[in-house]
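Text of data23.csv, listed as CSV, C-alpha atoms:
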chain,number,residue,atom,x,y,z
A,1,MET,CA,-63.6,61.8,-7.4
A,2,THR,CA,-66.0,60.7,-10.1
A,3,THR,CA,-67.5,57.3,-10.5
A,4,SER,CA,-69.0,55.7,-13.6
A,5,SER,CA,-72.7,55.2,-13.5
A,6,PRO,CA,-74.2,51.8,-14.2
A,7,THR,CA,-75.2,51.1,-17.8
A,8,ALA,CA,-78.8,50.6,-18.8
A,9,GLN,CA,-78.2,46.9,-19.3
A,10,ALA,CA,-76.6,46.4,-15.8
A,11,LEU,CA,-78.4,44.2,-13.3
A,12,ASP,CA,-80.1,46.2,-10.6
A,13,GLY,CA,-79.3,44.1,-7.5
A,14,ALA,CA,-80.9,46.5,-5.1
A,15,ALA,CA,-84.3,45.9,-6.7
A,16,ILE,CA,-83.9,42.1,-6.2
A,17,ASP,CA,-83.1,41.9,-2.5
A,18,GLY,CA,-81.7,45.2,-1.4
A,19,GLY,CA,-84.0,45.2,1.6
A,20,LEU,CA,-82.6,41.9,2.8
A,21,TYR,CA,-79.1,43.2,2.3
A,22,THR,CA,-79.9,46.3,4.4
A,23,ASP,CA,-81.3,44.1,7.1
A,24,VAL,CA,-78.1,42.1,7.3
A,25,THR,CA,-75.9,45.2,7.2
A,26,ASP,CA,-78.0,46.8,10.0
A,27,PHE,CA,-77.4,43.6,12.0
A,28,ALA,CA,-73.7,44.1,11.4
A,29,ARG,CA,-74.0,47.7,12.5
A,30,HIS,CA,-75.3,46.5,15.9
A,31,THR,CA,-72.9,43.6,16.4
A,32,HIS,CA,-69.6,45.4,16.8
A,33,TRP,CA,-68.1,42.4,18.6
A,34,LEU,CA,-68.5,40.3,15.4
A,35,ASN,CA,-67.3,43.0,13.0
A,36,GLU,CA,-63.5,42.3,13.1
A,37,PRO,CA,-63.7,38.5,13.1
A,38,ALA,CA,-66.2,38.5,10.2
A,39,THR,CA,-64.0,41.0,8.2
A,40,VAL,CA,-60.9,38.9,8.7
A,41,PHE,CA,-62.6,35.7,7.8
A,42,SER,CA,-64.3,37.2,4.8
A,43,SER,CA,-60.9,38.4,3.5
A,44,ILE,CA,-58.6,35.5,4.1
A,45,GLY,CA,-60.9,32.6,5.1
A,46,ILE,CA,-60.4,31.1,1.6
A,47,GLY,CA,-57.0,29.9,2.9
A,48,LEU,CA,-58.9,27.4,5.1
A,49,PHE,CA,-59.9,25.5,2.0
A,50,VAL,CA,-56.3,25.2,0.9
A,51,VAL,CA,-55.6,23.6,4.3
A,52,TYR,CA,-58.5,21.2,3.8
A,53,LEU,CA,-57.2,20.3,0.4
A,54,LEU,CA,-53.8,19.6,1.8
A,55,VAL,CA,-55.3,17.3,4.4
A,56,ALA,CA,-57.2,15.5,1.6
A,57,TRP,CA,-54.0,15.2,-0.5
A,58,TRP,CA,-52.0,13.8,2.4
A,59,ARG,CA,-54.7,11.1,3.0
A,60,ALA,CA,-55.0,10.3,-0.7
A,61,ARG,CA,-51.3,9.4,-0.9
A,62,GLY,CA,-52.2,6.2,0.9
A,63,GLN,CA,-55.3,5.5,-1.1
A,64,GLY,CA,-56.2,4.4,-4.6
A,65,SER,CA,-55.6,6.4,-7.8
A,66,THR,CA,-59.3,7.4,-8.0
A,67,ALA,CA,-59.0,9.3,-4.7
A,68,MET,CA,-55.8,11.0,-5.8
A,69,ALA,CA,-57.4,11.9,-9.1
A,70,ALA,CA,-60.2,13.7,-7.3
A,71,VAL,CA,-57.8,15.6,-5.2
A,72,LEU,CA,-55.7,16.7,-8.2
A,73,ALA,CA,-59.0,17.7,-10.0
A,74,THR,CA,-60.0,20.0,-7.2
A,75,PRO,CA,-57.7,23.0,-8.1
A,76,ILE,CA,-58.8,22.6,-11.7
A,77,ALA,CA,-62.4,22.7,-10.7
A,78,VAL,CA,-61.8,25.8,-8.6
A,79,VAL,CA,-60.1,27.7,-11.4
A,80,LEU,CA,-62.8,26.7,-13.9
A,81,ALA,CA,-65.5,27.9,-11.5
A,82,TYR,CA,-63.7,31.2,-11.0
A,83,VAL,CA,-63.4,31.7,-14.7
A,84,VAL,CA,-67.0,30.9,-15.4
A,85,ASN,CA,-68.1,33.2,-12.5
A,86,THR,CA,-66.0,36.0,-13.8
A,87,GLY,CA,-67.6,35.7,-17.2
A,88,ILE,CA,-71.0,35.9,-15.7
A,89,LYS,CA,-69.9,39.1,-13.8
A,90,ASP,CA,-68.9,40.7,-17.1
A,91,VAL,CA,-72.2,39.9,-18.7
A,92,PHE,CA,-74.5,41.3,-16.0
A,93,GLU,CA,-72.3,44.1,-14.7
A,94,GLU,CA,-74.2,44.5,-11.5
A,95,PRO,CA,-72.8,47.4,-9.4
A,96,ARG,CA,-71.7,46.7,-5.9
A,97,PRO,CA,-74.4,47.4,-3.2
A,98,CYS,CA,-72.1,50.0,-1.7
A,99,ARG,CA,-72.8,52.1,-4.9
A,100,ALA,CA,-76.5,51.4,-5.1
A,101,LEU,CA,-77.1,51.8,-1.4
A,102,PRO,CA,-74.3,54.1,-0.2
A,103,HIS,CA,-75.8,54.9,3.2
A,104,ASP,CA,-75.9,51.3,4.3
A,105,PHE,CA,-73.4,50.1,6.9
A,106,LEU,CA,-70.1,48.9,5.3
A,107,LEU,CA,-67.2,47.0,6.7
A,108,GLU,CA,-65.3,46.4,3.5
A,109,ALA,CA,-64.0,49.2,1.3
A,110,CYS,CA,-66.1,49.8,-1.7
A,111,PRO,CA,-64.4,48.3,-4.8
A,112,ALA,CA,-63.8,50.1,-8.1
A,113,PRO,CA,-66.9,50.6,-10.3
A,114,ASP,CA,-65.8,47.9,-12.8
A,115,ASP,CA,-65.5,45.3,-9.9
A,116,TYR,CA,-69.0,43.9,-10.3
A,117,ALA,CA,-71.0,42.1,-7.6
A,118,PHE,CA,-73.0,39.3,-9.3
A,119,PRO,CA,-72.1,36.6,-8.6
A,120,SER,CA,-69.7,36.5,-5.6
A,121,ASN,CA,-66.2,35.2,-6.5
A,122,HIS,CA,-65.4,34.4,-2.9
A,123,THR,CA,-68.5,32.2,-2.5
A,124,THR,CA,-68.0,30.6,-5.9
A,125,VAL,CA,-64.5,29.5,-5.0
A,126,ALA,CA,-65.5,28.4,-1.5
A,127,PHE,CA,-68.3,26.1,-2.8
A,128,ALA,CA,-66.2,24.8,-5.6
A,129,PHE,CA,-63.7,23.6,-2.9
A,130,ALA,CA,-66.5,22.3,-0.6
A,131,VAL,CA,-68.2,20.2,-3.3
A,132,ALA,CA,-65.0,18.7,-4.5
A,133,LEU,CA,-64.0,17.8,-0.9
A,134,LEU,CA,-67.4,16.2,-0.4
A,135,LEU,CA,-66.7,13.9,-3.3
A,136,ILE,CA,-63.3,13.1,-1.7
A,137,ALA,CA,-64.1,12.6,1.9
A,138,ARG,CA,-67.5,13.2,3.5
A,139,GLY,CA,-66.3,14.3,6.9
A,140,LEU,CA,-63.7,16.8,5.5
A,141,GLY,CA,-66.2,17.9,2.9
A,142,SER,CA,-68.9,18.6,5.5
A,143,LEU,CA,-66.5,20.8,7.4
A,144,ALA,CA,-65.6,22.6,4.1
A,145,LEU,CA,-69.3,23.0,3.3
A,146,ILE,CA,-70.0,24.7,6.7
A,147,THR,CA,-67.0,27.0,6.1
A,148,ALA,CA,-68.3,27.8,2.6
A,149,ILE,CA,-71.7,28.7,4.0
A,150,ALA,CA,-70.0,30.9,6.5
A,151,MET,CA,-68.0,32.6,3.8
A,152,GLY,CA,-71.1,33.4,1.8
A,153,ALA,CA,-72.8,34.8,4.8
A,154,SER,CA,-69.8,36.9,5.7
A,155,ARG,CA,-69.7,38.5,2.2
A,156,VAL,CA,-73.2,39.9,2.8
A,157,TYR,CA,-72.4,40.8,6.5
A,158,VAL,CA,-69.4,43.0,5.5
A,159,GLY,CA,-71.4,44.7,2.8
A,160,ALA,CA,-69.6,43.3,-0.2
A,161,HIS,CA,-72.5,41.5,-1.8
A,162,TYR,CA,-76.3,41.1,-2.0
A,163,PRO,CA,-77.7,37.8,-0.9
A,164,HIS,CA,-78.5,36.7,-4.5
A,165,ASP,CA,-74.9,37.3,-5.4
A,166,VAL,CA,-73.9,34.7,-2.8
A,167,ALA,CA,-76.7,32.3,-3.7
A,168,VAL,CA,-75.8,32.3,-7.4
A,169,GLY,CA,-72.1,32.1,-6.6
A,170,ALA,CA,-72.7,29.0,-4.5
A,171,LEU,CA,-74.6,27.4,-7.4
A,172,VAL,CA,-72.0,28.2,-10.0
A,173,GLY,CA,-69.2,26.9,-7.8
A,174,SER,CA,-71.1,23.7,-6.9
A,175,VAL,CA,-72.1,22.8,-10.5
A,176,VAL,CA,-68.8,23.5,-12.1
A,177,SER,CA,-66.9,21.6,-9.4
A,178,LEU,CA,-69.3,18.7,-9.4
A,179,ILE,CA,-69.0,18.2,-13.1
A,180,THR,CA,-65.2,18.7,-13.3
A,181,VAL,CA,-64.3,16.4,-10.4
A,182,LEU,CA,-66.7,13.6,-11.5
A,183,VAL,CA,-65.3,13.7,-15.0
A,184,LEU,CA,-61.6,13.8,-14.0
A,185,ARG,CA,-62.1,11.2,-11.2
A,186,ARG,CA,-63.3,8.9,-13.9
A,187,LEU,CA,-60.8,9.7,-16.6
A,188,ALA,CA,-57.6,10.5,-14.7
A,189,PRO,CA,-56.7,7.4,-12.6
A,190,PRO,CA,-54.6,5.8,-15.4
A,191,LEU,CA,-52.6,9.1,-15.5
A,192,VAL,CA,-52.2,9.0,-11.7
A,193,ASP,CA,-51.0,5.4,-11.9
A,194,ARG,CA,-48.3,6.5,-14.4
A,195,LEU,CA,-47.3,9.5,-12.4
A,196,ARG,CA,-47.0,7.4,-9.2
A,197,THR,CA,-44.2,5.4,-10.9
A,198,GLY,CA,-42.2,8.5,-11.9
A,199,ALA,CA,-40.5,11.5,-10.3
A,200,LEU,CA,-43.7,12.6,-8.7
A,201,ARG,CA,-44.1,9.4,-6.7
A,202,PRO,CA,-43.2,10.9,-3.3
A,203,LEU,CA,-46.0,13.5,-3.8
A,204,LEU,CA,-48.6,11.0,-4.9
A,205,THR,CA,-47.8,7.9,-2.8
A,206,SER,CA,-47.0,7.5,0.9
A,207,GLN,CA,-43.9,5.5,1.8
A,208,THR,CA,-46.0,2.9,3.5
A,209,ASP,CA,-48.2,2.5,0.5
A,210,HIS,CA,-45.2,2.3,-1.8
A,211,HIS,CA,-43.6,-0.5,0.2
A,212,ARG,CA,-47.0,-2.3,0.3
A,213,ARG,CA,-47.4,-2.1,-3.5
A,214,HIS,CA,-43.9,-3.4,-4.2
A,215,ALA,CA,-43.5,-6.0,-1.4
A,216,ARG,CA,-43.1,-9.6,-2.4
A,217,PRO,CA,-46.0,-11.8,-1.5
A,218,THR,CA,-45.3,-14.0,1.5
A,219,PRO,CA,-45.3,-17.7,0.4
A,220,GLU,CA,-48.1,-19.7,2.0
A,221,PRO,CA,-47.1,-22.7,4.2
A,222,GLY,CA,-46.3,-25.7,2.2
A,223,SER,CA,-45.9,-23.8,-1.1
A,224,PRO,CA,-42.8,-24.7,-3.2
A,225,ARG,CA,-39.9,-22.3,-2.9
A,226,SER,CA,-38.2,-21.1,-6.0
Entire entry expressed as structure tokens:
Amino acid sequence: MTTSSPTAQALDGAAIDGGLYTDVTDFARHTHWLNEPATVFSSIGIGLFVVYLLVAWWRARGQGSTAMAAVLATPIAVVLAYVVNTGIKDVFEEPRPCRALPHDFLLEACPAPDDYAFPSNHTTVAFAFAVALLLIARGLGSLALITAIAMGASRVYVGAHYPHDVAVGALVGSVVSLITVLVLRRLAPPLVDRLRTGALRPLLTSQTDHHRRHARPTPEPGSPRS
């Protein structure tokens, strides 16, 4: 089987922090008890952020339109962060560390040559979720941030990325998410108000909140009755 060699313009990730990458993968080589949990988490741990977002959505149904706007902005922020990150990958074309350092310990199969390493998509998506959730609810967002940090660390541990791939992925996801959610949280509440009176009302408003909004005010004692 032949593999394509990196182009002259490709980013040489091994020259940046290949030694640190090797230190981490050597640690993985000697912590067999952690190998399987880390591999599973690294592969499907992104699903935890979907759970966190569902919790935030459920809570926002009983809150104001600004909170719901931030929740609805989160998937948009995540997709935009992924698109931006993919564009950066295509510009730098950094080969995966498994190709530059083929003798290092590896827990995840080496991807195709055109599946570039810089920056890490998993980390970008994780931090995009985490920053958005921090803007929605501090407690839930803090849990998401811890999960995002663990995701980034796991990508190096399994041998999929260099540490700088993870660091830049975290930056890209955080910046894109922050800008997107702040802008939509400011601009989208009027749209949420309209949607809450239409067919999407059950998804955007809790039953209790709906009754509270439409309940007739209780007349104060002594006030004239109509």
Residues within 8 Å of Tyr21 in chain A, please, as an mmCIF file with C-alpha atoms, in the coordinates of the input. Count all atoms listed in the file; anything in the same chain fewer than 3 positions from it doesn't count.
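Output below, filename selection32.cif:
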data_model
loop_
_atom_site.group_PDB
_atom_site.id
_atom_site.type_symbol
_atom_site.label_atom_id
_atom_site.label_comp_id
_atom_site.auth_asym_id
_atom_site.auth_seq_id
_atom_site.Cartn_x
_atom_site.Cartn_y
_atom_site.Cartn_z
ATOM 1 C CA ASP A 17 -83.100 41.900 -2.500
ATOM 2 C CA GLY A 18 -81.700 45.200 -1.400
ATOM 3 C CA VAL A 24 -78.100 42.100 7.300
ATOM 4 C CA THR A 25 -75.900 45.200 7.200
ATOM 5 C CA VAL A 156 -73.200 39.900 2.800
ATOM 6 C CA GLY A 159 -71.400 44.700 2.800
ATOM 7 C CA HIS A 161 -72.500 41.500 -1.800
ATOM 8 C CA TYR A 162 -76.300 41.100 -2.000
ATOM 9 C CA PRO A 163 -77.700 37.800 -0.900
#
Worksheet entry | Polymer residues at most 10 Å from range 131-144 of chain A, all atoms listed in the file, same-chain spacing of 2 or more positions, as an NGL selection string | :A and (48-49 or 52-53 or 55-57 or 59-60 or 66-71 or 73-75 or 77-78 or 126-129 or 146-150 or 170 or 173-182 or 185)
Keeping only C-alpha atoms, write those residues as a PDB file, keeping the file's coordinate frame.
ATOM      1  CA  LEU A  48     -58.900  27.400   5.100  1.00  0.00           C
ATOM      2  CA  PHE A  49     -59.900  25.500   2.000  1.00  0.00           C
ATOM      3  CA  TYR A  52     -58.500  21.200   3.800  1.00  0.00           C
ATOM      4  CA  LEU A  53     -57.200  20.300   0.400  1.00  0.00           C
ATOM      5  CA  VAL A  55     -55.300  17.300   4.400  1.00  0.00           C
ATOM      6  CA  ALA A  56     -57.200  15.500   1.600  1.00  0.00           C
ATOM      7  CA  TRP A  57     -54.000  15.200  -0.500  1.00  0.00           C
ATOM      8  CA  ARG A  59     -54.700  11.100   3.000  1.00  0.00           C
ATOM      9  CA  ALA A  60     -55.000  10.300  -0.700  1.00  0.00           C
ATOM     10  CA  THR A  66     -59.300   7.400  -8.000  1.00  0.00           C
ATOM     11  CA  ALA A  67     -59.000   9.300  -4.700  1.00  0.00           C
ATOM     12  CA  MET A  68     -55.800  11.000  -5.800  1.00  0.00           C
ATOM     13  CA  ALA A  69     -57.400  11.900  -9.100  1.00  0.00           C
ATOM     14  CA  ALA A  70     -60.200  13.700  -7.300  1.00  0.00           C
ATOM     15  CA  VAL A  71     -57.800  15.600  -5.200  1.00  0.00           C
ATOM     16  CA  ALA A  73     -59.000  17.700 -10.000  1.00  0.00           C
ATOM     17  CA  THR A  74     -60.000  20.000  -7.200  1.00  0.00           C
ATOM     18  CA  PRO A  75     -57.700  23.000  -8.100  1.00  0.00           C
ATOM     19  CA  ALA A  77     -62.400  22.700 -10.700  1.00  0.00           C
ATOM     20  CA  VAL A  78     -61.800  25.800  -8.600  1.00  0.00           C
ATOM     21  CA  ALA A 126     -65.500  28.400  -1.500  1.00  0.00           C
ATOM     22  CA  PHE A 127     -68.300  26.100  -2.800  1.00  0.00           C
ATOM     23  CA  ALA A 128     -66.200  24.800  -5.600  1.00  0.00           C
ATOM     24  CA  PHE A 129     -63.700  23.600  -2.900  1.00  0.00           C
ATOM     25  CA  ILE A 146     -70.000  24.700   6.700  1.00  0.00           C
ATOM     26  CA  THR A 147     -67.000  27.000   6.100  1.00  0.00           C
ATOM     27  CA  ALA A 148     -68.300  27.800   2.600  1.00  0.00           C
ATOM     28  CA  ILE A 149     -71.700  28.700   4.000  1.00  0.00           C
ATOM     29  CA  ALA A 150     -70.000  30.900   6.500  1.00  0.00           C
ATOM     30  CA  ALA A 170     -72.700  29.000  -4.500  1.00  0.00           C
ATOM     31  CA  GLY A 173     -69.200  26.900  -7.800  1.00  0.00           C
ATOM     32  CA  SER A 174     -71.100  23.700  -6.900  1.00  0.00           C
ATOM     33  CA  VAL A 175     -72.100  22.800 -10.500  1.00  0.00           C
ATOM     34  CA  VAL A 176     -68.800  23.500 -12.100  1.00  0.00           C
ATOM     35  CA  SER A 177     -66.900  21.600  -9.400  1.00  0.00           C
ATOM     36  CA  LEU A 178     -69.300  18.700  -9.400  1.00  0.00           C
ATOM     37  CA  ILE A 179     -69.000  18.200 -13.100  1.00  0.00           C
ATOM     38  CA  THR A 180     -65.200  18.700 -13.300  1.00  0.00           C
ATOM     39  CA  VAL A 181     -64.300  16.400 -10.400  1.00  0.00           C
ATOM     40  CA  LEU A 182     -66.700  13.600 -11.500  1.00  0.00           C
ATOM     41  CA  ARG A 185     -62.100  11.200 -11.200  1.00  0.00           C
TER      42      ARG A 185
END
Worksheet item: So what do you get for CA of Ala100 in chain A versus CA of Ala14 in chain A, distance-wise?
Response: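 It comes out at 6.6 Å.
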Fill in: Separation of CA of His32 in chain A from CA of Leu101 in chain A, in Å and rounded to one decimal
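These two atoms are separated by 20.7 Å.
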Practice prompt. With a distance cut-off of 9 Å and all atoms listed in the file, select the neighbouring residues of Ser154 in chain A, excluding the residue or stretch itself and same-chain residues fewer than 6 positions from it, and output the selection as an MDAnalysis selection string.
Written response: chainID A and resid 38:39 41:42 160
Practice prompt. Have a look at CA of Pro95 in chain A and CA of Thr124 in chain A and let me know their distance in Å, one decimal.
Written response: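 We find that CA of Pro95 in chain A and CA of Thr124 in chain A lie 17.8 Å from each other.
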Item to complete: Skip Asp90 in chain A itself and residues of its chain fewer than 3 positions away, then list as number ranges by chain all residues within 9 Å of it, counting all atoms listed in the file.
Response: A: 85-87, 93-94, 114, 116, 118
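Within 10 Å of range 196-200 of chain A there are Arg61, Ser65, Pro190, Leu191, Val192, Leu204, Thr205 and His210 of chain A, counting only C-alpha atoms and ignoring same-chain residues fewer than 4 positions away.
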